[in-house]
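protein_33.cif, holding mmCIF, C-alpha atoms:
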data_run
loop_
_atom_site.label_atom_id
_atom_site.label_comp_id
_atom_site.auth_asym_id
_atom_site.auth_seq_id
_atom_site.Cartn_x
_atom_site.Cartn_y
_atom_site.Cartn_z
CA MET A 21 -33.89 32.20 -54.52
CA ARG A 22 -30.36 32.91 -53.46
CA ARG A 23 -30.65 30.52 -50.56
CA ALA A 24 -31.92 27.76 -52.83
CA LEU A 25 -28.97 28.33 -55.14
CA VAL A 26 -26.53 28.06 -52.23
CA ILE A 27 -28.11 24.82 -51.04
CA PHE A 28 -28.01 23.47 -54.59
CA VAL A 29 -24.29 24.26 -54.93
CA LEU A 30 -23.47 22.68 -51.56
CA VAL A 31 -25.41 19.52 -52.35
CA ALA A 32 -23.86 19.35 -55.81
CA VAL A 33 -20.42 19.48 -54.22
CA ALA A 34 -21.17 17.19 -51.28
CA ILE A 35 -22.82 14.27 -53.08
CA PRO A 36 -20.02 13.43 -55.55
CA LEU A 37 -17.45 13.85 -52.77
CA MET A 38 -19.40 11.57 -50.43
CA LEU A 39 -19.77 8.97 -53.20
CA ALA A 40 -16.04 9.10 -53.79
CA MET A 41 -15.31 8.78 -50.06
CA ALA A 42 -17.54 5.73 -49.84
CA GLU A 43 -15.58 4.10 -52.67
CA LEU A 44 -12.19 4.66 -51.05
CA PRO A 45 -10.38 1.78 -49.33
CA ARG A 46 -11.54 1.27 -45.79
CA HIS A 47 -10.17 3.82 -43.33
CA GLY A 48 -7.22 2.45 -41.37
CA SER A 49 -6.76 -0.62 -43.53
CA PRO A 50 -3.09 -1.65 -43.72
CA ASP A 51 -3.58 -2.92 -47.31
CA ALA A 52 -4.72 0.42 -48.72
CA PRO A 53 -2.56 1.68 -51.62
CA PRO A 54 -0.97 4.58 -49.68
CA GLN A 55 0.39 2.11 -47.14
CA THR A 56 1.85 -0.45 -49.54
CA HIS A 57 4.05 1.41 -52.03
CA VAL A 58 6.47 4.09 -50.87
CA ALA A 59 5.84 4.29 -47.13
CA PRO A 60 7.35 0.88 -46.19
CA TYR A 61 10.68 1.93 -47.67
CA TYR A 62 10.84 5.08 -45.55
CA LEU A 63 9.73 3.22 -42.43
CA GLU A 64 12.32 0.51 -42.97
CA HIS A 65 15.32 2.55 -44.09
CA GLY A 66 14.51 6.01 -42.72
CA PRO A 67 16.14 5.79 -39.29
CA GLU A 68 19.53 4.43 -40.36
CA GLU A 69 19.67 6.21 -43.72
CA ALA A 70 18.52 9.68 -42.71
CA GLY A 71 19.87 10.07 -39.20
CA ALA A 72 16.50 10.75 -37.54
CA GLU A 73 14.44 8.26 -35.56
CA ASN A 74 11.33 10.28 -36.25
CA VAL A 75 10.54 9.28 -39.83
CA VAL A 76 8.39 12.38 -40.41
CA THR A 77 11.43 14.56 -39.65
CA ALA A 78 13.58 12.31 -41.83
CA VAL A 79 11.20 12.78 -44.75
CA ILE A 80 10.80 16.53 -44.28
CA LEU A 81 14.42 17.51 -43.73
CA ASN A 82 16.38 14.77 -45.42
CA TYR A 83 14.54 13.02 -48.24
CA ARG A 84 12.51 16.08 -49.17
CA GLY A 85 14.90 18.70 -47.85
CA PHE A 86 14.80 20.65 -51.08
CA ASP A 87 11.03 20.91 -50.81
CA THR A 88 11.27 22.17 -47.24
CA GLN A 89 13.83 24.77 -48.25
CA GLY A 90 11.26 26.11 -50.70
CA GLU A 91 8.69 26.05 -47.92
CA VAL A 92 10.74 28.13 -45.48
CA THR A 93 11.38 30.54 -48.34
CA VAL A 94 7.60 30.77 -48.78
CA ILE A 95 7.03 31.85 -45.16
CA PHE A 96 9.90 34.32 -45.39
CA THR A 97 8.41 35.73 -48.60
CA ALA A 98 4.97 35.93 -46.98
CA MET A 99 6.45 37.97 -44.14
CA ALA A 100 8.21 40.24 -46.62
CA ALA A 101 4.93 40.67 -48.51
CA VAL A 102 3.02 41.52 -45.33
CA VAL A 103 5.61 44.15 -44.45
CA ALA A 104 5.53 45.47 -48.01
CA VAL A 105 1.73 45.74 -48.04
CA LEU A 106 1.33 47.30 -44.61
CA VAL A 107 4.49 49.28 -43.86
CA ALA A 108 5.62 50.48 -47.26
CA GLY A 109 2.16 51.81 -48.13
CA GLY A 110 1.19 53.19 -44.73
CA ALA A 111 2.47 56.21 -42.84
CA GLY A 112 4.15 54.13 -40.13
CA VAL A 113 3.66 54.39 -36.39
CA PRO A 114 2.89 57.88 -35.07
CA ALA A 115 5.42 59.13 -32.55
CA ASP A 116 2.91 59.61 -29.73
CA ARG A 117 1.95 55.95 -29.82
CA ALA A 118 5.50 54.65 -29.46
CA ALA A 119 5.53 54.88 -25.66
CA ALA A 120 1.90 53.88 -25.17
CA PRO A 121 0.93 50.29 -24.26
CA ALA A 122 0.85 48.00 -27.28
CA THR A 123 -2.88 47.37 -26.92
CA THR A 124 -5.70 48.31 -24.59
CA PRO A 125 -4.48 48.22 -20.97
CA VAL A 126 -3.70 44.67 -19.91
CA SER A 127 -4.91 43.41 -16.57
CA LEU A 128 -2.39 42.70 -13.86
CA ILE A 129 -3.32 39.01 -13.88
CA VAL A 130 -2.56 38.54 -17.57
CA ARG A 131 0.71 40.39 -17.20
CA PHE A 132 1.76 38.33 -14.18
CA ILE A 133 0.80 34.99 -15.76
CA VAL A 134 2.69 35.72 -18.98
CA ARG A 135 5.80 36.77 -17.02
CA VAL A 136 5.68 33.64 -14.85
CA LEU A 137 5.09 31.29 -17.78
CA ALA A 138 7.62 32.86 -20.15
CA PRO A 139 10.72 30.87 -19.05
CA PHE A 140 8.79 27.61 -19.18
CA ILE A 141 7.47 28.38 -22.65
CA VAL A 142 11.01 29.08 -23.82
CA LEU A 143 12.21 25.83 -22.30
CA PHE A 144 9.38 23.88 -23.93
CA SER A 145 9.99 25.40 -27.35
CA VAL A 146 13.73 24.65 -27.15
CA TYR A 147 12.89 21.08 -26.16
CA VAL A 148 10.47 20.68 -29.07
CA ILE A 149 12.97 22.14 -31.55
CA LEU A 150 15.99 20.15 -30.41
CA ASN A 151 14.13 16.85 -30.03
CA GLY A 152 12.48 17.02 -33.44
CA HIS A 153 14.39 14.02 -34.71
CA VAL A 154 13.48 11.68 -31.82
CA THR A 155 10.05 12.87 -30.64
CA PRO A 156 7.04 14.48 -32.30
CA GLY A 157 7.87 18.08 -33.00
CA GLY A 158 10.59 19.93 -34.82
CA GLY A 159 11.55 23.33 -36.07
CA PHE A 160 8.17 24.54 -37.25
CA GLN A 161 6.29 23.40 -34.16
CA GLY A 162 8.84 24.71 -31.68
CA GLY A 163 9.23 27.90 -33.67
CA THR A 164 5.50 28.52 -33.48
CA ILE A 165 5.58 28.09 -29.69
CA LEU A 166 8.45 30.56 -29.45
CA GLY A 167 6.61 32.94 -31.80
CA ALA A 168 3.50 32.71 -29.62
CA LEU A 169 5.59 33.68 -26.61
CA LEU A 170 6.99 36.69 -28.48
CA ILE A 171 3.43 37.70 -29.38
CA ALA A 172 2.29 37.32 -25.75
CA LEU A 173 5.20 39.46 -24.56
CA THR A 174 4.42 42.08 -27.20
CA LEU A 175 0.86 42.24 -25.88
CA ILE A 176 1.82 42.94 -22.26
CA MET A 177 4.70 45.33 -22.95
CA SER A 178 4.69 48.90 -24.15
CA GLU A 179 5.64 49.39 -27.77
CA SER A 180 9.16 50.63 -26.99
CA ASP A 181 9.88 47.76 -24.59
CA ALA A 182 8.62 45.24 -27.11
CA ARG A 183 10.87 46.81 -29.71
CA ALA A 184 13.86 46.45 -27.39
CA LEU A 185 12.95 42.78 -26.96
CA LEU A 186 14.12 42.19 -30.51
CA PRO A 187 16.78 44.69 -31.52
CA GLN A 188 16.53 45.97 -35.05
CA ARG A 189 19.83 44.75 -36.45
CA PRO A 190 19.92 41.02 -35.57
CA GLN A 191 16.19 40.90 -36.20
CA ARG A 192 16.70 41.30 -39.95
CA LEU A 193 19.13 38.40 -39.99
CA LEU A 194 17.05 36.21 -37.69
CA GLN A 195 13.95 36.64 -39.83
CA ALA A 196 15.84 35.04 -42.69
CA ALA A 197 17.41 32.43 -40.39
CA ALA A 198 15.50 29.48 -41.84
CA PRO A 199 16.43 29.89 -45.55
CA LEU A 200 19.98 30.92 -44.60
CA THR A 201 20.51 27.88 -42.37
CA PHE A 202 19.17 25.65 -45.10
CA PHE A 203 21.56 27.19 -47.57
CA ALA A 204 24.52 26.79 -45.21
CA VAL A 205 23.70 23.16 -44.44
CA GLY A 206 23.11 22.54 -48.14
CA MET A 207 26.57 23.87 -48.90
CA ILE A 208 28.09 21.67 -46.18
CA GLY A 209 26.33 18.75 -47.86
CA LEU A 210 27.84 19.86 -51.15
CA LEU A 211 31.31 19.79 -49.61
CA LEU A 212 30.84 16.46 -47.85
CA THR A 213 29.04 14.43 -50.47
CA GLY A 214 29.20 16.40 -53.72
CA ASP A 215 25.47 17.18 -53.91
CA TYR A 216 23.59 20.22 -52.65
CA LEU A 217 21.53 19.42 -49.52
CA ALA A 218 22.75 15.82 -49.53
CA TYR A 219 23.48 14.25 -46.16
CA PRO A 220 26.05 11.58 -45.39
CA HIS A 221 24.37 8.20 -45.78
CA SER A 222 24.29 5.32 -43.35
CA GLY A 223 27.45 4.05 -41.73
CA PRO A 224 29.71 5.47 -39.05
CA THR A 225 29.23 9.08 -40.25
CA ILE A 226 25.47 9.05 -39.67
CA TRP A 227 25.90 11.31 -36.62
CA ILE A 228 26.96 14.08 -39.02
CA ALA A 229 23.58 13.81 -40.71
CA THR A 230 21.84 14.00 -37.32
CA LEU A 231 23.90 17.07 -36.43
CA MET A 232 23.01 18.74 -39.73
CA LEU A 233 19.32 17.96 -39.19
CA THR A 234 19.49 19.52 -35.72
CA VAL A 235 21.14 22.66 -37.09
CA VAL A 236 18.39 22.96 -39.71
CA GLU A 237 15.75 22.47 -36.99
CA ILE A 238 17.27 25.28 -34.91
CA GLY A 239 17.35 27.55 -37.95
CA ILE A 240 13.75 26.79 -38.85
CA GLY A 241 12.69 27.29 -35.22
CA ILE A 242 14.31 30.71 -34.83
CA GLY A 243 13.31 31.84 -38.31
CA GLY A 244 9.72 30.62 -37.90
CA ALA A 245 9.35 32.33 -34.51
CA MET A 246 10.68 35.61 -35.87
CA VAL A 247 8.46 35.44 -38.93
CA VAL A 248 5.31 34.79 -36.87
CA ALA A 249 6.17 37.55 -34.40
CA THR A 250 7.03 40.01 -37.16
CA ILE A 251 3.78 39.35 -39.02
CA PHE A 252 1.83 39.92 -35.83
CA ARG A 253 3.71 43.06 -34.96
CA THR A 254 3.37 44.51 -38.43
CA MET A 255 -0.36 43.93 -38.40
CA GLY A 256 -0.70 45.32 -34.88
CA ALA A 257 1.48 48.33 -35.52
CA ASP A 258 -0.96 50.32 -37.65
CA ARG A 259 -4.27 50.06 -35.96
CA MET B 25 -23.30 3.48 -49.53
CA ILE B 26 -24.19 4.49 -45.97
CA ALA B 27 -22.46 1.38 -44.63
CA ALA B 28 -19.35 2.13 -46.66
CA LEU B 29 -19.40 5.73 -45.47
CA TRP B 30 -19.72 4.54 -41.90
CA HIS B 31 -16.39 2.77 -42.23
CA ASN B 32 -14.89 5.88 -43.79
CA LEU B 33 -16.35 8.23 -41.20
CA ASP B 34 -13.13 10.27 -41.02
CA TYR B 35 -13.29 10.95 -44.73
CA ALA B 36 -17.00 11.84 -44.55
CA ALA B 37 -16.27 14.28 -41.73
CA SER B 38 -13.73 16.09 -43.87
CA VAL B 39 -16.31 16.38 -46.67
CA ILE B 40 -18.75 17.96 -44.22
CA LEU B 41 -16.04 20.33 -43.01
CA PHE B 42 -15.25 21.22 -46.62
CA CYS B 43 -18.91 22.05 -47.28
CA ILE B 44 -19.08 24.24 -44.17
CA GLY B 45 -16.09 26.18 -45.46
CA LEU B 46 -17.60 26.44 -48.94
CA TYR B 47 -20.84 27.73 -47.41
CA ALA B 48 -18.95 30.49 -45.64
CA VAL B 49 -17.03 31.41 -48.78
CA ILE B 50 -20.11 31.76 -50.99
CA THR B 51 -22.58 33.32 -48.57
CA LYS B 52 -20.60 35.64 -46.30
CA GLU B 53 -19.93 39.16 -47.53
CA ASN B 54 -17.35 40.06 -44.90
CA LEU B 55 -13.91 39.37 -46.36
CA ILE B 56 -12.48 38.04 -43.09
CA LYS B 57 -15.38 35.59 -42.78
CA LYS B 58 -14.89 34.57 -46.39
CA PHE B 59 -11.26 33.89 -45.67
CA MET B 60 -12.12 31.95 -42.53
CA GLY B 61 -14.29 29.77 -44.76
CA LEU B 62 -11.34 29.23 -47.07
CA ASN B 63 -9.21 28.24 -44.08
CA ILE B 64 -11.87 25.73 -42.98
CA MET B 65 -11.76 24.22 -46.48
CA GLU B 66 -7.97 23.97 -46.22
CA THR B 67 -8.30 22.28 -42.85
CA ALA B 68 -10.76 19.78 -44.33
CA VAL B 69 -8.25 18.83 -47.01
CA PHE B 70 -5.47 18.52 -44.42
CA ALA B 71 -7.64 16.33 -42.20
CA PHE B 72 -8.55 14.13 -45.16
CA ILE B 73 -4.96 13.60 -46.28
CA VAL B 74 -3.71 12.89 -42.76
CA ALA B 75 -6.60 10.45 -42.28
CA ILE B 76 -5.44 8.55 -45.38
CA GLY B 77 -2.21 7.70 -43.59
CA VAL B 78 -3.87 6.12 -40.56
CA VAL B 79 -3.26 2.41 -40.06
CA GLU B 80 -5.47 0.51 -37.66
CA GLY B 81 -3.64 0.14 -34.35
CA GLY B 82 -0.58 1.87 -35.77
CA GLU B 83 1.97 3.75 -33.71
CA ALA B 84 3.60 7.08 -34.44
CA PRO B 85 6.42 6.53 -36.97
CA ILE B 86 9.21 7.12 -34.46
CA MET B 87 11.72 4.31 -34.50
CA GLY B 88 13.84 3.27 -31.58
CA ALA B 89 14.07 0.49 -29.06
CA GLY B 90 10.89 -1.35 -28.18
CA VAL B 91 8.52 -0.14 -30.88
CA GLU B 92 6.63 -2.62 -33.02
CA PRO B 93 4.93 -2.29 -36.39
CA PRO B 94 2.41 -1.36 -37.69
CA PHE B 95 3.35 2.28 -38.00
CA ILE B 96 1.27 5.16 -39.26
CA ASN B 97 2.24 6.33 -42.74
CA PRO B 98 4.69 9.24 -42.31
CA LEU B 99 4.32 10.67 -45.82
CA PRO B 100 0.88 12.35 -45.50
CA GLN B 101 2.00 13.95 -42.25
CA ALA B 102 5.15 15.32 -43.86
CA LEU B 103 3.18 16.67 -46.82
CA ILE B 104 0.57 18.28 -44.61
CA LEU B 105 3.21 19.95 -42.46
CA THR B 106 4.31 21.71 -45.64
CA GLY B 107 0.69 22.49 -46.45
CA ILE B 108 0.02 24.01 -43.03
CA VAL B 109 3.00 26.31 -43.31
CA VAL B 110 1.90 27.49 -46.75
CA ALA B 111 -1.65 28.00 -45.41
CA LEU B 112 -0.21 30.16 -42.64
CA SER B 113 1.65 32.24 -45.23
CA THR B 114 -1.42 32.78 -47.41
CA THR B 115 -3.50 33.65 -44.34
CA ALA B 116 -0.99 36.27 -43.23
CA LEU B 117 -0.81 37.82 -46.67
CA ALA B 118 -4.60 37.81 -47.14
CA LEU B 119 -5.18 39.41 -43.74
CA SER B 120 -2.67 42.15 -44.48
CA LEU B 121 -4.40 42.82 -47.80
CA ILE B 122 -7.74 42.99 -45.97
CA ILE B 123 -6.26 45.50 -43.50
CA ARG B 124 -5.11 47.55 -46.47
CA ILE B 125 -8.54 47.39 -48.13
CA TRP B 126 -10.13 48.53 -44.89
CA LYS B 127 -7.77 51.49 -44.63
CA GLN B 128 -8.35 52.54 -48.23
CA CYS B 129 -12.07 51.92 -48.62
CA GLY B 130 -13.36 51.96 -45.03
CA THR B 131 -15.19 48.69 -45.45
CA ILE B 132 -14.45 45.00 -45.89
CA GLU B 133 -17.95 43.94 -46.95
CA ALA B 134 -17.72 42.52 -50.45
CA ASP B 135 -21.09 43.93 -51.59
CA GLU B 136 -20.22 47.44 -50.38
CA LEU B 137 -16.80 47.20 -52.01
CA ARG B 138 -18.46 46.48 -55.35
CA GLU B 139 -20.16 49.87 -55.17
CA VAL B 140 -17.02 51.73 -54.07
CA GLU B 141 -14.97 50.95 -57.15
#
I'd like the structure from this file rewritten - as structure tokens, please.
Amino acid sequence: MRRALVIFVLVAVAIPLMLAMAELPRHGSPDAPPQTHVAPYYLEHGPEEAGAENVVTAVILNYRGFDTQGEVTVIFTAMAAVVAVLVAGGAGVPADRAAAPATTPVSLIVRFIVRVLAPFIVLFSVYVILNGHVTPGGGFQGGTILGALLIALTLIMSESDARALLPQRPQRLLQAAAPLTFFAVGMIGLLLTGDYLAYPHSGPTIWIATLMLTVVEIGIGIGGAMVVATIFRTMGADR
Amino acid sequence: MIAALWHNLDYAASVILFCIGLYAVITKENLIKKFMGLNIMETAVFAFIVAIGVVEGGEAPIMGAGVEPPFINPLPQALILTGIVVALSTTALALSLIIRIWKQCGTIEADELREVE
């Protein structure tokens, strides 16, 4: 009975969706409505107007910079909520666990591989963050790579070592790096052009816009990495 | 209809993915599995919207010397980047709430939780 109901619901959802998909313009067609209205403007004017050759970056950080500022605030708020739910309500980490390994004993191979790869992962994440305006990538992507490295290091180190990896005091500031950088760059835009989060338009000053985009990318990268690592650590802390 | 769907195979695939996620959400009792289903549904929507931006034979929308049109539509990608980050945030928050439920009630099975009250 229950199974029949489930199948009925799934079919009732799938059939109208499939019918709608069949009616859509052909996949990949250059004449489809999404490709003919707004996108050509961005593709044509994006690089010289926004200061980023990668149009996706130009859209995210320049044209829709305000939207992205809200987005980095969302991940910061999510991290704050995770900490509030898990740390504020729980008893915290017992003292005897502080010196113990972060998880079940890690094999020598895993430990060695993570240590060997760590510098290269850092290099790659810095490359992805700093080249966000000319290659695929950017702050969020590079930040996630950096965050993954922090998580890997947390796994192979003892709790106290992992804590020393990110000292308490700058950690607080770095977690909020993304919204703070956005705010700072927004204020610079206010000074330069008279509008919050506005970038200098095309012309000889376009390099300023590129510089501001890079600063925002670095902020998002560091902030994103810290947020991901903090979420993981908070969840792992009270097993 | 089948012929039209064959051309829009990418869209049809995202519908199938969406239904897999929906199946997990409505049949699984374990909260983590339920949430995995929700994440699969999110992924289906992301895949669908990114697929809308594809142009036949298009290149990545990175300008510079020596690149020729057509380019892939950058707008869906930019929107979905935002969506992915928000999905990450909701996942983190939901998982922490599930951890909390487990600590308080000792179970994360939805049917058992109904009896706990």
Next item on the list: Pull out every residue of chain A sitting within 8 Å of chain B, counting only C-alpha atoms, and send them as a ChimeraX atom specification.
Entry: /A:26,30,33-34,37-39,41-44,46-50,54-55,59,63,67,73-77,79-80,88,91,94-95,98-99,101-102,105-106,154-156,251,255
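Straight-line separation from CA of Asp181 (chain A) to CA of Ile141 (chain A): 19.6 Å.
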Next item on the list: Could you tell me which residues the PyMOL selection byres ((chain A and resi 161) around 9) returns for this structure, as a PyMOL selection string?
Entry: chain A and resi 145+148-149+152+157-160+162-166+241+244
Checklist line | Resolved residues for the PyMOL selection byres ((chain A and resi 243) around 10) as an MDAnalysis selection string | finding: chainID A and resid 92 95:96 159:160 163:164 167 191 193:201 237:242 244:249
Those residues with C-alpha atoms, as a CSV table (one decimal), keeping the file's coordinate frame please?
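The resulting file, part12.csv, is reproduced below:
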chain,number,residue,atom,x,y,z
A,92,VAL,CA,10.7,28.1,-45.5
A,95,ILE,CA,7.0,31.8,-45.2
A,96,PHE,CA,9.9,34.3,-45.4
A,159,GLY,CA,11.6,23.3,-36.1
A,160,PHE,CA,8.2,24.5,-37.2
A,163,GLY,CA,9.2,27.9,-33.7
A,164,THR,CA,5.5,28.5,-33.5
A,167,GLY,CA,6.6,32.9,-31.8
A,191,GLN,CA,16.2,40.9,-36.2
A,193,LEU,CA,19.1,38.4,-40.0
A,194,LEU,CA,17.0,36.2,-37.7
A,195,GLN,CA,14.0,36.6,-39.8
A,196,ALA,CA,15.8,35.0,-42.7
A,197,ALA,CA,17.4,32.4,-40.4
A,198,ALA,CA,15.5,29.5,-41.8
A,199,PRO,CA,16.4,29.9,-45.6
A,200,LEU,CA,20.0,30.9,-44.6
A,201,THR,CA,20.5,27.9,-42.4
A,237,GLU,CA,15.8,22.5,-37.0
A,238,ILE,CA,17.3,25.3,-34.9
A,239,GLY,CA,17.4,27.6,-38.0
A,240,ILE,CA,13.8,26.8,-38.8
A,241,GLY,CA,12.7,27.3,-35.2
A,242,ILE,CA,14.3,30.7,-34.8
A,244,GLY,CA,9.7,30.6,-37.9
A,245,ALA,CA,9.4,32.3,-34.5
A,246,MET,CA,10.7,35.6,-35.9
A,247,VAL,CA,8.5,35.4,-38.9
A,248,VAL,CA,5.3,34.8,-36.9
A,249,ALA,CA,6.2,37.6,-34.4
Please enclose the listed atoms of region 58-73 of chain B in an axis-aligned box, pad each side by 8 Å, and write out the centre and the three edge lengths in Å, rounded to one decimal, as JSON.
{"center_x": -9.9, "center_y": 24.1, "center_z": -44.6, "size_x": 25.9, "size_y": 37.0, "size_z": 20.9}
Next item on the list: Give me, please, the distance in Å between CA of Pro224 (chain A) and CA of Leu81 (chain A), quoted to one decimal.
Entry: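 A separation of 20.0 Å between them.
The space between CA of Asn151 (chain A) and CA of Thr234 (chain A) spans 8.3 Å.
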Margin query: When the PyMOL selection byres ((chain B and resi 135) around 12) is applied to the structure above, which residues does it catch, written out as number ranges by chain?
Written below: B: 51-55, 131-134, 136-141
Note to self: Taking all atoms listed in the file into account, name the residue in A:Leu150, A:Ile129, A:Val31, A:Leu173 that is nearest to Ala72 (chain A).
What the structure shows: A:Leu150
With all atoms listed in the file as the counted atoms, please give the residues lying no more than 9 Å from Val134 (chain A), apart from itself and same-chain residues fewer than 6 positions off, as a PDB file with C-alpha atoms, in the coordinates of the input.
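Here's the written file around38.pdb:
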ATOM      1  CA  LEU A 169       5.590  33.680 -26.610  1.00  0.00           C
ATOM      2  CA  ALA A 172       2.290  37.320 -25.750  1.00  0.00           C
ATOM      3  CA  LEU A 173       5.200  39.460 -24.560  1.00  0.00           C
ATOM      4  CA  ILE A 176       1.820  42.940 -22.260  1.00  0.00           C
TER       5      ILE A 176
END
List the spatial neighbours of region 226-229 of chain A as a tab-separated table (two decimals) with C-alpha atoms, in the frame of the given file - criterion: any atom at most 10 Å away, all atoms listed in the file, same-chain residues fewer than 2 positions off excluded.
chain	number	residue	atom	x	y	z
A	67	PRO	CA	16.14	5.79	-39.29
A	68	GLU	CA	19.53	4.43	-40.36
A	69	GLU	CA	19.67	6.21	-43.72
A	70	ALA	CA	18.52	9.68	-42.71
A	71	GLY	CA	19.87	10.07	-39.20
A	72	ALA	CA	16.50	10.75	-37.54
A	82	ASN	CA	16.38	14.77	-45.42
A	209	GLY	CA	26.33	18.75	-47.86
A	212	LEU	CA	30.84	16.46	-47.85
A	218	ALA	CA	22.75	15.82	-49.53
A	219	TYR	CA	23.48	14.25	-46.16
A	220	PRO	CA	26.05	11.58	-45.39
A	221	HIS	CA	24.37	8.20	-45.78
A	222	SER	CA	24.29	5.32	-43.35
A	223	GLY	CA	27.45	4.05	-41.73
A	224	PRO	CA	29.71	5.47	-39.05
A	231	LEU	CA	23.90	17.07	-36.43
A	232	MET	CA	23.01	18.74	-39.73
A	233	LEU	CA	19.32	17.96	-39.19
A	234	THR	CA	19.49	19.52	-35.72
A	235	VAL	CA	21.14	22.66	-37.09
Checklist line | Counting only C-alpha atoms, the residue of B:Val91, B:Cys129, B:Leu41, B:Ala48 that sits nearest Glu66 (chain B) | finding: B:Leu41
Could you pull region 102-133 of chain B out of the block above and give me C-alpha atoms, as a CSV table (one decimal), in the first residue's frame?
chain,number,residue,atom,x,y,z
B,102,ALA,CA,27.2,32.3,-11.7
B,103,LEU,CA,23.7,31.7,-10.3
B,104,ILE,CA,24.5,28.1,-9.5
B,105,LEU,CA,27.8,29.0,-7.8
B,106,THR,CA,25.6,31.0,-5.4
B,107,GLY,CA,23.2,28.1,-5.1
B,108,ILE,CA,26.0,25.6,-4.3
B,109,VAL,CA,27.3,27.8,-1.5
B,110,VAL,CA,23.9,28.2,0.0
B,111,ALA,CA,23.3,24.4,-0.3
B,112,LEU,CA,26.6,23.9,1.6
B,113,SER,CA,25.4,26.2,4.4
B,114,THR,CA,22.0,24.5,4.7
B,115,THR,CA,23.7,21.1,4.7
B,116,ALA,CA,26.1,22.1,7.5
B,117,LEU,CA,23.3,23.5,9.6
B,118,ALA,CA,21.0,20.5,9.1
B,119,LEU,CA,23.8,18.0,10.0
B,120,SER,CA,24.6,19.9,13.2
B,121,LEU,CA,20.9,19.8,14.1
B,122,ILE,CA,20.9,16.1,13.4
B,123,ILE,CA,23.9,15.6,15.7
B,124,ARG,CA,22.0,17.6,18.3
B,125,ILE,CA,18.9,15.4,17.9
B,126,TRP,CA,21.0,12.3,18.2
B,127,LYS,CA,22.6,13.5,21.4
B,128,GLN,CA,19.2,14.5,22.9
B,129,CYS,CA,17.0,11.6,21.8
B,130,GLY,CA,19.5,8.8,21.0
B,131,THR,CA,18.1,8.2,17.6
B,132,ILE,CA,17.8,9.8,14.2
B,133,GLU,CA,15.1,7.6,12.8
